[in-house]
>>> print(open('model09.tsv').read())   # TSV, C-alpha atoms
chain	number	residue	atom	x	y	z
A	477	MET	CA	0.00	0.00	0.00
A	478	LYS	CA	1.24	3.39	-0.92
A	479	LEU	CA	0.82	6.07	1.66
A	480	ALA	CA	0.44	9.67	0.66
A	481	ALA	CA	3.46	11.77	1.43
A	482	ARG	CA	3.09	13.41	4.82
A	483	SER	CA	2.31	17.08	4.44
A	484	THR	CA	4.73	19.15	6.42
A	485	GLN	CA	3.70	22.46	7.90
A	486	ASN	CA	6.15	25.29	7.90
A	487	PRO	CA	6.99	26.46	11.43
A	488	ILE	CA	5.97	30.09	10.95
A	489	ILE	CA	4.32	32.37	13.48
A	490	PRO	CA	1.74	34.48	11.67
A	491	THR	CA	2.92	38.03	12.13
A	492	ALA	CA	0.90	39.73	9.43
A	493	SER	CA	-1.65	41.11	11.87
A	494	MET	CA	0.97	42.29	14.36
A	495	ALA	CA	1.39	45.58	12.54
A	496	ASP	CA	-2.36	46.16	12.58
A	497	ILE	CA	-2.47	45.68	16.34
A	498	ALA	CA	0.49	47.97	16.81
A	499	PHE	CA	-0.97	50.68	14.61
A	500	LEU	CA	-4.24	50.52	16.53
A	501	LEU	CA	-2.27	51.10	19.72
A	502	ILE	CA	-0.46	54.02	18.10
A	503	ILE	CA	-3.76	55.59	17.09
A	504	PHE	CA	-5.00	55.18	20.68
A	505	PHE	CA	-1.95	56.95	22.09
A	506	MET	CA	-2.12	59.70	19.48
A	507	VAL	CA	-5.77	60.39	20.27
A	508	THR	CA	-5.38	60.35	24.04
A	509	ILE	CA	-2.19	62.38	24.18
A	510	SER	CA	-2.85	65.85	25.55
A	511	PHE	CA	-0.30	68.50	25.02
A	512	GLU	CA	0.50	70.18	28.26
A	513	VAL	CA	0.94	73.90	27.77
A	514	ASP	CA	2.73	74.20	31.06
A	515	LYS	CA	5.33	71.68	32.10
A	516	THR	CA	6.33	73.33	35.37
A	517	GLN	CA	6.81	70.77	38.11
A	518	VAL	CA	4.92	71.80	41.21
A	519	MET	CA	3.56	70.05	44.29
A	520	LEU	CA	-0.13	70.66	43.85
A	521	PRO	CA	-2.39	71.06	46.86
A	522	LYS	CA	-4.73	68.16	47.60
A	523	THR	CA	-8.49	68.58	47.53
A	524	ALA	CA	-11.47	66.27	47.80
A	525	ILE	CA	-13.52	68.29	45.33
A	526	ARG	CA	-12.05	68.28	41.86
A	527	LEU	CA	-13.78	69.53	38.75
A	528	GLU	CA	-12.60	69.02	35.21
A	529	VAL	CA	-10.71	72.05	33.92
A	530	PRO	CA	-11.96	73.20	30.52
A	531	LYS	CA	-9.65	72.51	27.60
A	532	LYS	CA	-7.86	75.56	26.18
A	533	ALA	CA	-8.02	77.41	29.49
A	534	ALA	CA	-5.25	79.90	30.16
A	535	TYR	CA	-2.59	78.68	32.58
A	536	ILE	CA	-0.67	80.54	35.23
A	537	SER	CA	1.87	78.56	37.19
A	538	ILE	CA	3.69	79.64	40.33
A	539	THR	CA	6.61	77.61	41.62
A	540	GLU	CA	7.60	77.31	45.26
A	541	ASN	CA	10.06	80.19	44.96
A	542	GLY	CA	7.54	82.46	43.28
A	543	GLN	CA	8.49	82.13	39.64
A	544	ILE	CA	5.50	82.76	37.41
A	545	ARG	CA	4.83	81.35	33.96
A	546	VAL	CA	1.82	82.13	31.82
A	547	SER	CA	0.18	80.56	28.80
A	548	SER	CA	-2.99	81.54	26.99
A	549	GLY	CA	-3.74	77.86	26.52
A	550	GLU	CA	-2.57	77.63	22.95
A	551	GLU	CA	1.19	77.77	23.23
A	552	ILE	CA	3.85	76.64	25.68
A	553	SER	CA	4.03	78.78	28.79
A	554	VAL	CA	6.53	81.61	29.04
A	555	PRO	CA	8.08	83.03	32.21
A	556	VAL	CA	7.11	86.52	33.30
A	557	PRO	CA	9.22	88.68	35.60
A	558	GLY	CA	6.60	89.42	38.21
A	559	PRO	CA	2.92	89.50	39.20
A	560	GLU	CA	2.50	92.93	37.57
A	561	ASP	CA	3.03	91.31	34.18
A	562	VAL	CA	0.21	88.86	34.85
A	563	LEU	CA	-2.25	91.75	34.68
A	564	SER	CA	-1.26	92.75	31.15
A	565	PHE	CA	-1.26	89.09	30.10
A	566	ALA	CA	-4.69	88.45	31.64
A	567	ALA	CA	-6.10	91.66	30.17
A	568	THR	CA	-4.99	90.58	26.69
A	569	VAL	CA	-6.51	87.13	27.12
A	570	VAL	CA	-9.80	88.50	28.49
A	571	ALA	CA	-9.98	91.06	25.67
A	572	GLN	CA	-9.86	88.22	23.15
A	573	ASP	CA	-12.33	86.00	24.98
A	574	PRO	CA	-14.18	87.51	27.96
A	575	SER	CA	-15.35	84.10	29.19
A	576	LYS	CA	-11.90	82.53	29.16
A	577	GLU	CA	-11.18	80.39	32.21
A	578	PHE	CA	-7.89	80.69	34.04
A	579	VAL	CA	-6.11	77.81	35.70
A	580	LEU	CA	-3.87	78.55	38.63
A	581	LYS	CA	-1.22	75.90	39.00
A	582	ALA	CA	0.55	76.91	42.17
A	583	ASP	CA	2.82	74.98	44.48
A	584	ARG	CA	1.21	74.15	47.80
A	585	ASN	CA	4.16	75.63	49.70
A	586	VAL	CA	4.30	78.95	47.89
A	587	PRO	CA	3.80	81.93	50.25
A	588	TYR	CA	0.29	83.24	49.78
A	589	ARG	CA	1.39	86.74	48.81
A	590	TYR	CA	2.44	85.50	45.36
A	591	VAL	CA	-0.93	83.88	44.81
A	592	ASP	CA	-2.66	86.95	46.19
A	593	ARG	CA	-1.04	89.22	43.61
A	594	VAL	CA	-1.84	86.88	40.75
A	595	VAL	CA	-5.49	86.53	41.85
A	596	ASP	CA	-5.67	90.29	42.23
A	597	ALA	CA	-4.33	90.75	38.71
A	598	LEU	CA	-6.97	88.33	37.40
A	599	LYS	CA	-9.71	90.17	39.28
A	600	GLN	CA	-8.56	93.48	37.83
A	601	ALA	CA	-8.47	91.96	34.37
A	602	LYS	CA	-12.13	90.95	34.90
A	603	ALA	CA	-11.51	87.24	34.63
A	604	GLN	CA	-14.63	85.27	35.49
A	605	VAL	CA	-13.52	81.87	36.75
A	606	ILE	CA	-10.27	80.61	38.17
A	607	TYR	CA	-9.56	76.93	38.63
A	608	LEU	CA	-7.16	76.05	41.42
A	609	LEU	CA	-5.41	72.99	40.05
A	610	SER	CA	-5.15	70.19	42.60
A	611	GLN	CA	-4.40	66.55	43.21
A	612	GLN	CA	-6.92	64.06	44.49
A	613	GLU	CA	-7.03	63.88	48.26
A	614	THR	CA	-7.43	60.32	49.40
A	615	VAL	CA	-9.89	59.38	52.13
A	616	ASP	CA	-7.14	58.45	54.60
A	617	GLU	CA	-5.45	61.81	54.28
A	618	GLY	CA	-8.70	63.67	54.65
A	619	ALA	CA	-9.74	61.82	57.79
B	1459	MET	CA	24.08	26.09	-21.21
B	1460	LYS	CA	21.14	25.96	-18.88
B	1461	LEU	CA	20.20	29.27	-17.35
B	1462	LYS	CA	18.24	29.43	-14.17
B	1463	LYS	CA	15.85	32.38	-14.06
B	1464	GLU	CA	15.56	33.93	-10.67
B	1465	THR	CA	11.97	34.70	-9.75
B	1466	ALA	CA	11.40	37.66	-7.49
B	1467	SER	CA	8.95	37.11	-4.66
B	1468	ASP	CA	5.68	38.93	-5.22
B	1469	GLU	CA	5.09	39.62	-1.55
B	1470	ILE	CA	5.56	42.91	0.22
B	1471	PRO	CA	7.92	42.36	3.13
B	1472	THR	CA	5.87	43.24	6.18
B	1473	SER	CA	7.88	41.57	8.86
B	1474	SER	CA	9.57	44.81	9.93
B	1475	MET	CA	6.32	46.76	9.93
B	1476	ALA	CA	5.51	45.62	13.47
B	1477	ASP	CA	8.94	46.68	14.67
B	1478	ILE	CA	8.43	50.17	13.26
B	1479	ALA	CA	4.98	50.37	14.78
B	1480	PHE	CA	6.17	49.26	18.21
B	1481	LEU	CA	8.95	51.82	18.12
B	1482	LEU	CA	6.33	54.48	17.49
B	1483	ILE	CA	4.24	53.14	20.38
B	1484	ILE	CA	7.21	53.33	22.71
B	1485	TYR	CA	7.82	56.91	21.58
B	1486	PHE	CA	4.24	57.93	22.38
B	1487	MET	CA	4.25	56.08	25.69
B	1488	VAL	CA	7.43	57.81	26.80
B	1489	THR	CA	6.35	61.29	25.73
B	1490	THR	CA	2.84	61.04	27.17
B	1491	THR	CA	2.64	62.91	30.44
B	1492	PHE	CA	-0.39	62.51	32.55
B	1493	ALA	CA	-1.46	66.08	32.95
B	1494	ALA	CA	-3.38	67.08	36.05
B	1495	THR	CA	-6.54	68.55	34.63
B	1496	ARG	CA	-8.77	68.88	37.64
B	1497	GLY	CA	-9.15	71.44	40.35
B	1498	LEU	CA	-11.40	73.63	42.43
B	1499	ASP	CA	-13.33	76.29	40.60
B	1500	PHE	CA	-13.43	79.72	42.07
B	1501	ALA	CA	-15.85	82.22	40.56
B	1502	LEU	CA	-14.76	85.81	40.73
B	1503	PRO	CA	-17.21	88.67	41.33
B	1504	LYS	CA	-19.13	89.70	38.25
B	1505	ASP	CA	-18.16	92.72	36.26
B	1506	ASP	CA	-19.51	95.53	38.38
B	1507	ASP	CA	-17.49	98.16	40.07
B	1508	SER	CA	-19.42	98.25	43.33
B	1509	PRO	CA	-17.29	97.27	46.31
B	1510	PRO	CA	-18.22	94.00	48.00
B	1511	GLN	CA	-21.09	94.62	50.37
B	1512	VAL	CA	-19.77	92.62	53.28
B	1513	GLU	CA	-20.09	93.92	56.79
B	1514	LYS	CA	-17.08	92.87	58.76
B	1515	GLU	CA	-19.03	92.13	61.93
B	1516	GLU	CA	-21.63	89.97	60.25
B	1517	SER	CA	-19.27	87.72	58.42
B	1518	VAL	CA	-17.18	84.82	59.62
B	1519	LEU	CA	-13.51	85.56	59.23
B	1520	ILE	CA	-11.12	82.67	58.81
B	1521	GLU	CA	-7.58	83.84	59.15
B	1522	ILE	CA	-4.85	81.49	58.01
B	1523	GLN	CA	-1.50	81.88	59.69
B	1524	PRO	CA	1.80	80.35	58.54
B	1525	GLY	CA	1.95	76.63	59.21
B	1526	GLY	CA	-1.78	76.25	58.73
B	1527	VAL	CA	-2.93	77.69	62.06
B	1528	LEU	CA	-6.53	78.75	61.63
B	1529	VAL	CA	-8.10	81.57	63.59
B	1530	VAL	CA	-11.86	81.71	63.13
B	1531	ASP	CA	-13.43	84.88	64.55
B	1532	THR	CA	-10.42	85.35	66.85
B	1533	LYS	CA	-10.62	81.75	68.13
B	1534	GLN	CA	-8.02	79.21	67.12
B	1535	MET	CA	-9.65	76.15	65.61
B	1536	PRO	CA	-8.60	72.97	63.80
B	1537	LEU	CA	-9.78	72.57	60.20
B	1538	GLU	CA	-12.23	69.76	61.04
B	1539	GLU	CA	-14.21	71.92	63.49
B	1540	ILE	CA	-14.85	74.84	61.18
B	1541	LEU	CA	-17.95	73.39	59.57
B	1542	GLU	CA	-19.50	72.50	62.93
B	1543	TYR	CA	-18.84	76.05	64.05
B	1544	LEU	CA	-20.46	77.44	60.90
B	1545	LYS	CA	-23.50	75.16	60.95
B	1546	PRO	CA	-25.72	77.10	63.40
B	1547	LYS	CA	-24.76	80.38	61.74
B	1548	LEU	CA	-25.62	79.08	58.29
B	1549	GLU	CA	-28.92	77.66	59.53
B	1550	ARG	CA	-29.91	81.13	60.72
B	1551	ASN	CA	-28.60	82.85	57.61
B	1552	PRO	CA	-27.78	80.68	54.56
B	1553	MET	CA	-26.11	83.66	52.89
B	1554	LYS	CA	-23.74	84.18	55.80
B	1555	PRO	CA	-20.52	85.52	54.27
B	1556	VAL	CA	-17.42	83.54	55.05
B	1557	ILE	CA	-14.17	85.34	54.40
B	1558	ILE	CA	-10.93	83.43	53.98
B	1559	ARG	CA	-7.99	85.63	54.74
B	1560	PRO	CA	-4.58	83.99	54.44
B	1561	LEU	CA	-1.71	86.01	55.80
B	1562	GLU	CA	0.99	86.97	53.31
B	1563	THR	CA	3.48	84.43	54.61
B	1564	SER	CA	1.08	81.51	55.02
B	1565	GLU	CA	1.26	78.71	52.49
B	1566	TYR	CA	-1.10	78.55	49.54
B	1567	GLY	CA	-1.86	74.87	50.28
B	1568	HIS	CA	-3.56	75.76	53.56
B	1569	MET	CA	-5.83	78.25	51.83
B	1570	VAL	CA	-6.85	75.52	49.38
B	1571	ASP	CA	-7.47	73.13	52.31
B	1572	VAL	CA	-9.86	75.58	53.94
B	1573	PHE	CA	-11.59	76.40	50.66
B	1574	ASP	CA	-11.98	72.69	49.91
B	1575	GLU	CA	-13.41	72.07	53.39
B	1576	LEU	CA	-15.98	74.84	52.95
B	1577	ARG	CA	-16.95	73.50	49.53
B	1578	GLN	CA	-17.63	70.10	51.09
B	1579	ALA	CA	-20.08	71.59	53.58
B	1580	GLU	CA	-23.13	70.21	51.79
B	1581	ASP	CA	-21.83	66.64	52.13
B	1582	LYS	CA	-20.56	67.01	55.67
B	1583	ILE	CA	-23.13	69.17	57.47
B	1584	GLY	CA	-25.96	69.21	54.93
B	1585	ILE	CA	-25.90	72.93	54.27
B	1586	GLU	CA	-23.99	74.74	51.57
B	1587	VAL	CA	-21.66	77.64	52.27
B	1588	ARG	CA	-22.84	79.90	49.47
B	1589	ASN	CA	-21.01	83.06	50.19
B	1590	ILE	CA	-17.26	82.40	50.30
B	1591	SER	CA	-14.94	85.24	49.54
B	1592	ILE	CA	-11.19	85.39	49.39
B	1593	PRO	CA	-10.34	89.09	49.25
B	1594	THR	CA	-6.96	90.11	47.94
B	1595	GLN	CA	-4.68	92.41	49.87
B	1596	ARG	CA	-5.52	95.33	47.56
B	1597	GLU	CA	-9.23	94.89	48.25
B	1598	ILE	CA	-8.60	94.67	51.99
B	1599	ASP	CA	-6.59	97.88	51.87
B	1600	ALA	CA	-9.21	99.61	49.74
B	1601	PHE	CA	-12.47	98.54	51.37
B	1602	TRP	CA	-11.80	97.48	54.94
B	1603	TYR	CA	-11.72	99.87	57.76
>>> encode(input="model09.tsv", output="C-alpha coordinates")
Amino acid sequence: MKLAARSTQNPIIPTASMADIAFLLIIFFMVTISFEVDKTQVMLPKTAIRLEVPKKAAYISITENGQIRVSSGEEISVPVPGPEDVLSFAATVVAQDPSKEFVLKADRNVPYRYVDRVVDALKQAKAQVIYLLSQQETVDEGA
Amino acid sequence: MKLKKETASDEIPTSSMADIAFLLIIYFMVTTTFAATRGLDFALPKDDDSPPQVEKEESVLIEIQPGGVLVVDTKQMPLEEILEYLKPKLERNPMKPVIIRPLETSEYGHMVDVFDELRQAEDKIGIEVRNISIPTQREIDAFWY
(Lines of atoms letter the chains of each structure in order from A and count residues from 1; the text may use other names and numbers.)
(Lines give C-alpha, C1' and ligand atoms only; values in the text may rest on other atoms or scores of the structure.)
Protein backbone atom coordinates (compact mmCIF):
# COMPACT_ATOMS: atom_id res chain seq x y z
CA MET A 1 0.00 0.00 0.00
CA LYS A 2 1.24 3.39 -0.92
CA LEU A 3 0.82 6.07 1.66
CA ALA A 4 0.44 9.67 0.66
CA ALA A 5 3.46 11.77 1.43
CA ARG A 6 3.09 13.41 4.82
CA SER A 7 2.31 17.08 4.44
CA THR A 8 4.73 19.15 6.42
CA GLN A 9 3.70 22.46 7.90
CA ASN A 10 6.15 25.29 7.90
CA PRO A 11 6.99 26.46 11.43
CA ILE A 12 5.97 30.09 10.95
CA ILE A 13 4.32 32.37 13.48
CA PRO A 14 1.74 34.48 11.67
CA THR A 15 2.92 38.03 12.13
CA ALA A 16 0.90 39.73 9.43
CA SER A 17 -1.65 41.11 11.87
CA MET A 18 0.97 42.29 14.36
CA ALA A 19 1.39 45.58 12.54
CA ASP A 20 -2.36 46.16 12.58
CA ILE A 21 -2.47 45.68 16.34
CA ALA A 22 0.49 47.97 16.81
CA PHE A 23 -0.97 50.68 14.61
CA LEU A 24 -4.24 50.52 16.53
CA LEU A 25 -2.27 51.10 19.72
CA ILE A 26 -0.46 54.02 18.10
CA ILE A 27 -3.76 55.59 17.09
CA PHE A 28 -5.00 55.18 20.68
CA PHE A 29 -1.95 56.95 22.09
CA MET A 30 -2.12 59.70 19.48
CA VAL A 31 -5.77 60.39 20.27
CA THR A 32 -5.38 60.35 24.04
CA ILE A 33 -2.19 62.38 24.18
CA SER A 34 -2.85 65.85 25.55
CA PHE A 35 -0.30 68.50 25.02
CA GLU A 36 0.50 70.18 28.26
CA VAL A 37 0.94 73.90 27.77
CA ASP A 38 2.73 74.20 31.06
CA LYS A 39 5.33 71.68 32.10
CA THR A 40 6.33 73.33 35.37
CA GLN A 41 6.81 70.77 38.11
CA VAL A 42 4.92 71.80 41.21
CA MET A 43 3.56 70.05 44.29
CA LEU A 44 -0.13 70.66 43.85
CA PRO A 45 -2.39 71.06 46.86
CA LYS A 46 -4.73 68.16 47.60
CA THR A 47 -8.49 68.58 47.53
CA ALA A 48 -11.47 66.27 47.80
CA ILE A 49 -13.52 68.29 45.33
CA ARG A 50 -12.05 68.28 41.86
CA LEU A 51 -13.78 69.53 38.75
CA GLU A 52 -12.60 69.02 35.21
CA VAL A 53 -10.71 72.05 33.92
CA PRO A 54 -11.96 73.20 30.52
CA LYS A 55 -9.65 72.51 27.60
CA LYS A 56 -7.86 75.56 26.18
CA ALA A 57 -8.02 77.41 29.49
CA ALA A 58 -5.25 79.90 30.16
CA TYR A 59 -2.59 78.68 32.58
CA ILE A 60 -0.67 80.54 35.23
CA SER A 61 1.87 78.56 37.19
CA ILE A 62 3.69 79.64 40.33
CA THR A 63 6.61 77.61 41.62
CA GLU A 64 7.60 77.31 45.26
CA ASN A 65 10.06 80.19 44.96
CA GLY A 66 7.54 82.46 43.28
CA GLN A 67 8.49 82.13 39.64
CA ILE A 68 5.50 82.76 37.41
CA ARG A 69 4.83 81.35 33.96
CA VAL A 70 1.82 82.13 31.82
CA SER A 71 0.18 80.56 28.80
CA SER A 72 -2.99 81.54 26.99
CA GLY A 73 -3.74 77.86 26.52
CA GLU A 74 -2.57 77.63 22.95
CA GLU A 75 1.19 77.77 23.23
CA ILE A 76 3.85 76.64 25.68
CA SER A 77 4.03 78.78 28.79
CA VAL A 78 6.53 81.61 29.04
CA PRO A 79 8.08 83.03 32.21
CA VAL A 80 7.11 86.52 33.30
CA PRO A 81 9.22 88.68 35.60
CA GLY A 82 6.60 89.42 38.21
CA PRO A 83 2.92 89.50 39.20
CA GLU A 84 2.50 92.93 37.57
CA ASP A 85 3.03 91.31 34.18
CA VAL A 86 0.21 88.86 34.85
CA LEU A 87 -2.25 91.75 34.68
CA SER A 88 -1.26 92.75 31.15
CA PHE A 89 -1.26 89.09 30.10
CA ALA A 90 -4.69 88.45 31.64
CA ALA A 91 -6.10 91.66 30.17
CA THR A 92 -4.99 90.58 26.69
CA VAL A 93 -6.51 87.13 27.12
CA VAL A 94 -9.80 88.50 28.49
CA ALA A 95 -9.98 91.06 25.67
CA GLN A 96 -9.86 88.22 23.15
CA ASP A 97 -12.33 86.00 24.98
CA PRO A 98 -14.18 87.51 27.96
CA SER A 99 -15.35 84.10 29.19
CA LYS A 100 -11.90 82.53 29.16
CA GLU A 101 -11.18 80.39 32.21
CA PHE A 102 -7.89 80.69 34.04
CA VAL A 103 -6.11 77.81 35.70
CA LEU A 104 -3.87 78.55 38.63
CA LYS A 105 -1.22 75.90 39.00
CA ALA A 106 0.55 76.91 42.17
CA ASP A 107 2.82 74.98 44.48
CA ARG A 108 1.21 74.15 47.80
CA ASN A 109 4.16 75.63 49.70
CA VAL A 110 4.30 78.95 47.89
CA PRO A 111 3.80 81.93 50.25
CA TYR A 112 0.29 83.24 49.78
CA ARG A 113 1.39 86.74 48.81
CA TYR A 114 2.44 85.50 45.36
CA VAL A 115 -0.93 83.88 44.81
CA ASP A 116 -2.66 86.95 46.19
CA ARG A 117 -1.04 89.22 43.61
CA VAL A 118 -1.84 86.88 40.75
CA VAL A 119 -5.49 86.53 41.85
CA ASP A 120 -5.67 90.29 42.23
CA ALA A 121 -4.33 90.75 38.71
CA LEU A 122 -6.97 88.33 37.40
CA LYS A 123 -9.71 90.17 39.28
CA GLN A 124 -8.56 93.48 37.83
CA ALA A 125 -8.47 91.96 34.37
CA LYS A 126 -12.13 90.95 34.90
CA ALA A 127 -11.51 87.24 34.63
CA GLN A 128 -14.63 85.27 35.49
CA VAL A 129 -13.52 81.87 36.75
CA ILE A 130 -10.27 80.61 38.17
CA TYR A 131 -9.56 76.93 38.63
CA LEU A 132 -7.16 76.05 41.42
CA LEU A 133 -5.41 72.99 40.05
CA SER A 134 -5.15 70.19 42.60
CA GLN A 135 -4.40 66.55 43.21
CA GLN A 136 -6.92 64.06 44.49
CA GLU A 137 -7.03 63.88 48.26
CA THR A 138 -7.43 60.32 49.40
CA VAL A 139 -9.89 59.38 52.13
CA ASP A 140 -7.14 58.45 54.60
CA GLU A 141 -5.45 61.81 54.28
CA GLY A 142 -8.70 63.67 54.65
CA ALA A 143 -9.74 61.82 57.79
CA MET B 1 24.08 26.09 -21.21
CA LYS B 2 21.14 25.96 -18.88
CA LEU B 3 20.20 29.27 -17.35
CA LYS B 4 18.24 29.43 -14.17
CA LYS B 5 15.85 32.38 -14.06
CA GLU B 6 15.56 33.93 -10.67
CA THR B 7 11.97 34.70 -9.75
CA ALA B 8 11.40 37.66 -7.49
CA SER B 9 8.95 37.11 -4.66
CA ASP B 10 5.68 38.93 -5.22
CA GLU B 11 5.09 39.62 -1.55
CA ILE B 12 5.56 42.91 0.22
CA PRO B 13 7.92 42.36 3.13
CA THR B 14 5.87 43.24 6.18
CA SER B 15 7.88 41.57 8.86
CA SER B 16 9.57 44.81 9.93
CA MET B 17 6.32 46.76 9.93
CA ALA B 18 5.51 45.62 13.47
CA ASP B 19 8.94 46.68 14.67
CA ILE B 20 8.43 50.17 13.26
CA ALA B 21 4.98 50.37 14.78
CA PHE B 22 6.17 49.26 18.21
CA LEU B 23 8.95 51.82 18.12
CA LEU B 24 6.33 54.48 17.49
CA ILE B 25 4.24 53.14 20.38
CA ILE B 26 7.21 53.33 22.71
CA TYR B 27 7.82 56.91 21.58
CA PHE B 28 4.24 57.93 22.38
CA MET B 29 4.25 56.08 25.69
CA VAL B 30 7.43 57.81 26.80
CA THR B 31 6.35 61.29 25.73
CA THR B 32 2.84 61.04 27.17
CA THR B 33 2.64 62.91 30.44
CA PHE B 34 -0.39 62.51 32.55
CA ALA B 35 -1.46 66.08 32.95
CA ALA B 36 -3.38 67.08 36.05
CA THR B 37 -6.54 68.55 34.63
CA ARG B 38 -8.77 68.88 37.64
CA GLY B 39 -9.15 71.44 40.35
CA LEU B 40 -11.40 73.63 42.43
CA ASP B 41 -13.33 76.29 40.60
CA PHE B 42 -13.43 79.72 42.07
CA ALA B 43 -15.85 82.22 40.56
CA LEU B 44 -14.76 85.81 40.73
CA PRO B 45 -17.21 88.67 41.33
CA LYS B 46 -19.13 89.70 38.25
CA ASP B 47 -18.16 92.72 36.26
CA ASP B 48 -19.51 95.53 38.38
CA ASP B 49 -17.49 98.16 40.07
CA SER B 50 -19.42 98.25 43.33
CA PRO B 51 -17.29 97.27 46.31
CA PRO B 52 -18.22 94.00 48.00
CA GLN B 53 -21.09 94.62 50.37
CA VAL B 54 -19.77 92.62 53.28
CA GLU B 55 -20.09 93.92 56.79
CA LYS B 56 -17.08 92.87 58.76
CA GLU B 57 -19.03 92.13 61.93
CA GLU B 58 -21.63 89.97 60.25
CA SER B 59 -19.27 87.72 58.42
CA VAL B 60 -17.18 84.82 59.62
CA LEU B 61 -13.51 85.56 59.23
CA ILE B 62 -11.12 82.67 58.81
CA GLU B 63 -7.58 83.84 59.15
CA ILE B 64 -4.85 81.49 58.01
CA GLN B 65 -1.50 81.88 59.69
CA PRO B 66 1.80 80.35 58.54
CA GLY B 67 1.95 76.63 59.21
CA GLY B 68 -1.78 76.25 58.73
CA VAL B 69 -2.93 77.69 62.06
CA LEU B 70 -6.53 78.75 61.63
CA VAL B 71 -8.10 81.57 63.59
CA VAL B 72 -11.86 81.71 63.13
CA ASP B 73 -13.43 84.88 64.55
CA THR B 74 -10.42 85.35 66.85
CA LYS B 75 -10.62 81.75 68.13
CA GLN B 76 -8.02 79.21 67.12
CA MET B 77 -9.65 76.15 65.61
CA PRO B 78 -8.60 72.97 63.80
CA LEU B 79 -9.78 72.57 60.20
CA GLU B 80 -12.23 69.76 61.04
CA GLU B 81 -14.21 71.92 63.49
CA ILE B 82 -14.85 74.84 61.18
CA LEU B 83 -17.95 73.39 59.57
CA GLU B 84 -19.50 72.50 62.93
CA TYR B 85 -18.84 76.05 64.05
CA LEU B 86 -20.46 77.44 60.90
CA LYS B 87 -23.50 75.16 60.95
CA PRO B 88 -25.72 77.10 63.40
CA LYS B 89 -24.76 80.38 61.74
CA LEU B 90 -25.62 79.08 58.29
CA GLU B 91 -28.92 77.66 59.53
CA ARG B 92 -29.91 81.13 60.72
CA ASN B 93 -28.60 82.85 57.61
CA PRO B 94 -27.78 80.68 54.56
CA MET B 95 -26.11 83.66 52.89
CA LYS B 96 -23.74 84.18 55.80
CA PRO B 97 -20.52 85.52 54.27
CA VAL B 98 -17.42 83.54 55.05
CA ILE B 99 -14.17 85.34 54.40
CA ILE B 100 -10.93 83.43 53.98
CA ARG B 101 -7.99 85.63 54.74
CA PRO B 102 -4.58 83.99 54.44
CA LEU B 103 -1.71 86.01 55.80
CA GLU B 104 0.99 86.97 53.31
CA THR B 105 3.48 84.43 54.61
CA SER B 106 1.08 81.51 55.02
CA GLU B 107 1.26 78.71 52.49
CA TYR B 108 -1.10 78.55 49.54
CA GLY B 109 -1.86 74.87 50.28
CA HIS B 110 -3.56 75.76 53.56
CA MET B 111 -5.83 78.25 51.83
CA VAL B 112 -6.85 75.52 49.38
CA ASP B 113 -7.47 73.13 52.31
CA VAL B 114 -9.86 75.58 53.94
CA PHE B 115 -11.59 76.40 50.66
CA ASP B 116 -11.98 72.69 49.91
CA GLU B 117 -13.41 72.07 53.39
CA LEU B 118 -15.98 74.84 52.95
CA ARG B 119 -16.95 73.50 49.53
CA GLN B 120 -17.63 70.10 51.09
CA ALA B 121 -20.08 71.59 53.58
CA GLU B 122 -23.13 70.21 51.79
CA ASP B 123 -21.83 66.64 52.13
CA LYS B 124 -20.56 67.01 55.67
CA ILE B 125 -23.13 69.17 57.47
CA GLY B 126 -25.96 69.21 54.93
CA ILE B 127 -25.90 72.93 54.27
CA GLU B 128 -23.99 74.74 51.57
CA VAL B 129 -21.66 77.64 52.27
CA ARG B 130 -22.84 79.90 49.47
CA ASN B 131 -21.01 83.06 50.19
CA ILE B 132 -17.26 82.40 50.30
CA SER B 133 -14.94 85.24 49.54
CA ILE B 134 -11.19 85.39 49.39
CA PRO B 135 -10.34 89.09 49.25
CA THR B 136 -6.96 90.11 47.94
CA GLN B 137 -4.68 92.41 49.87
CA ARG B 138 -5.52 95.33 47.56
CA GLU B 139 -9.23 94.89 48.25
CA ILE B 140 -8.60 94.67 51.99
CA ASP B 141 -6.59 97.88 51.87
CA ALA B 142 -9.21 99.61 49.74
CA PHE B 143 -12.47 98.54 51.37
CA TRP B 144 -11.80 97.48 54.94
CA TYR B 145 -11.72 99.87 57.76
>>> closest_residue(input="model09.tsv", among="B:Pro1546, B:Pro1555, B:Pro1560, B:Gly1567", to="Ile1583 of chain B", atoms="all atoms listed in the file")
B:Pro1546
>>> residues_near_point(input="model09.tsv", point="(-1.1, 83.4, 29.6)", cutoff="6 Å", atoms="only C-alpha atoms", output="PyMOL selection string")
chain A and resi 534-535+546-548+565
>>> interface_residues(input="model09.tsv", of="chain B", to="chain A", cutoff="9 Å", atoms="only C-alpha atoms", output="PyMOL selection string")
chain B and resi 1472-1480+1482-1484+1486-1487+1489-1505+1524+1538+1560-1571+1573-1575+1577-1578+1593-1597
>>> atom_distance(input="model09.tsv", atom1="atom CA of Leu1576 of chain B", atom2="atom CA of Thr539 of chain A")
25.4 Å
>>> closest_residue(input="model09.tsv", among="B:Val1529, B:Ala1466, B:Val1488, B:Ile1590", to="Ser1517 of chain B", atoms="all atoms listed in the file")
B:Ile1590
>>> atom_distance(input="model09.tsv", atom1="atom CA of Arg1559 of chain B", atom2="atom CA of Ile1598 of chain B")
9.5 Å
>>> axis_aligned_box(input="model09.tsv", around="segment 1528-1538 of chain B", padding_each_side="4 Å", output="JSON")
{"center_x": -10.0, "center_y": 77.6, "center_z": 64.2, "size_x": 14.9, "size_y": 23.6, "size_z": 15.9}
>>> residues_around(input="model09.tsv", residues="Leu1548 of chain B", least_positions_apart="2", cutoff="12 Å", atoms="all atoms listed in the file", output="number ranges by chain")
B: 1516-1518, 1540-1546, 1550-1556, 1576, 1579-1580, 1583-1589
>>> atom_distance(input="model09.tsv", atom1="atom CA of Glu551 of chain A", atom2="atom CA of Thr516 of chain A")
13.9 Å
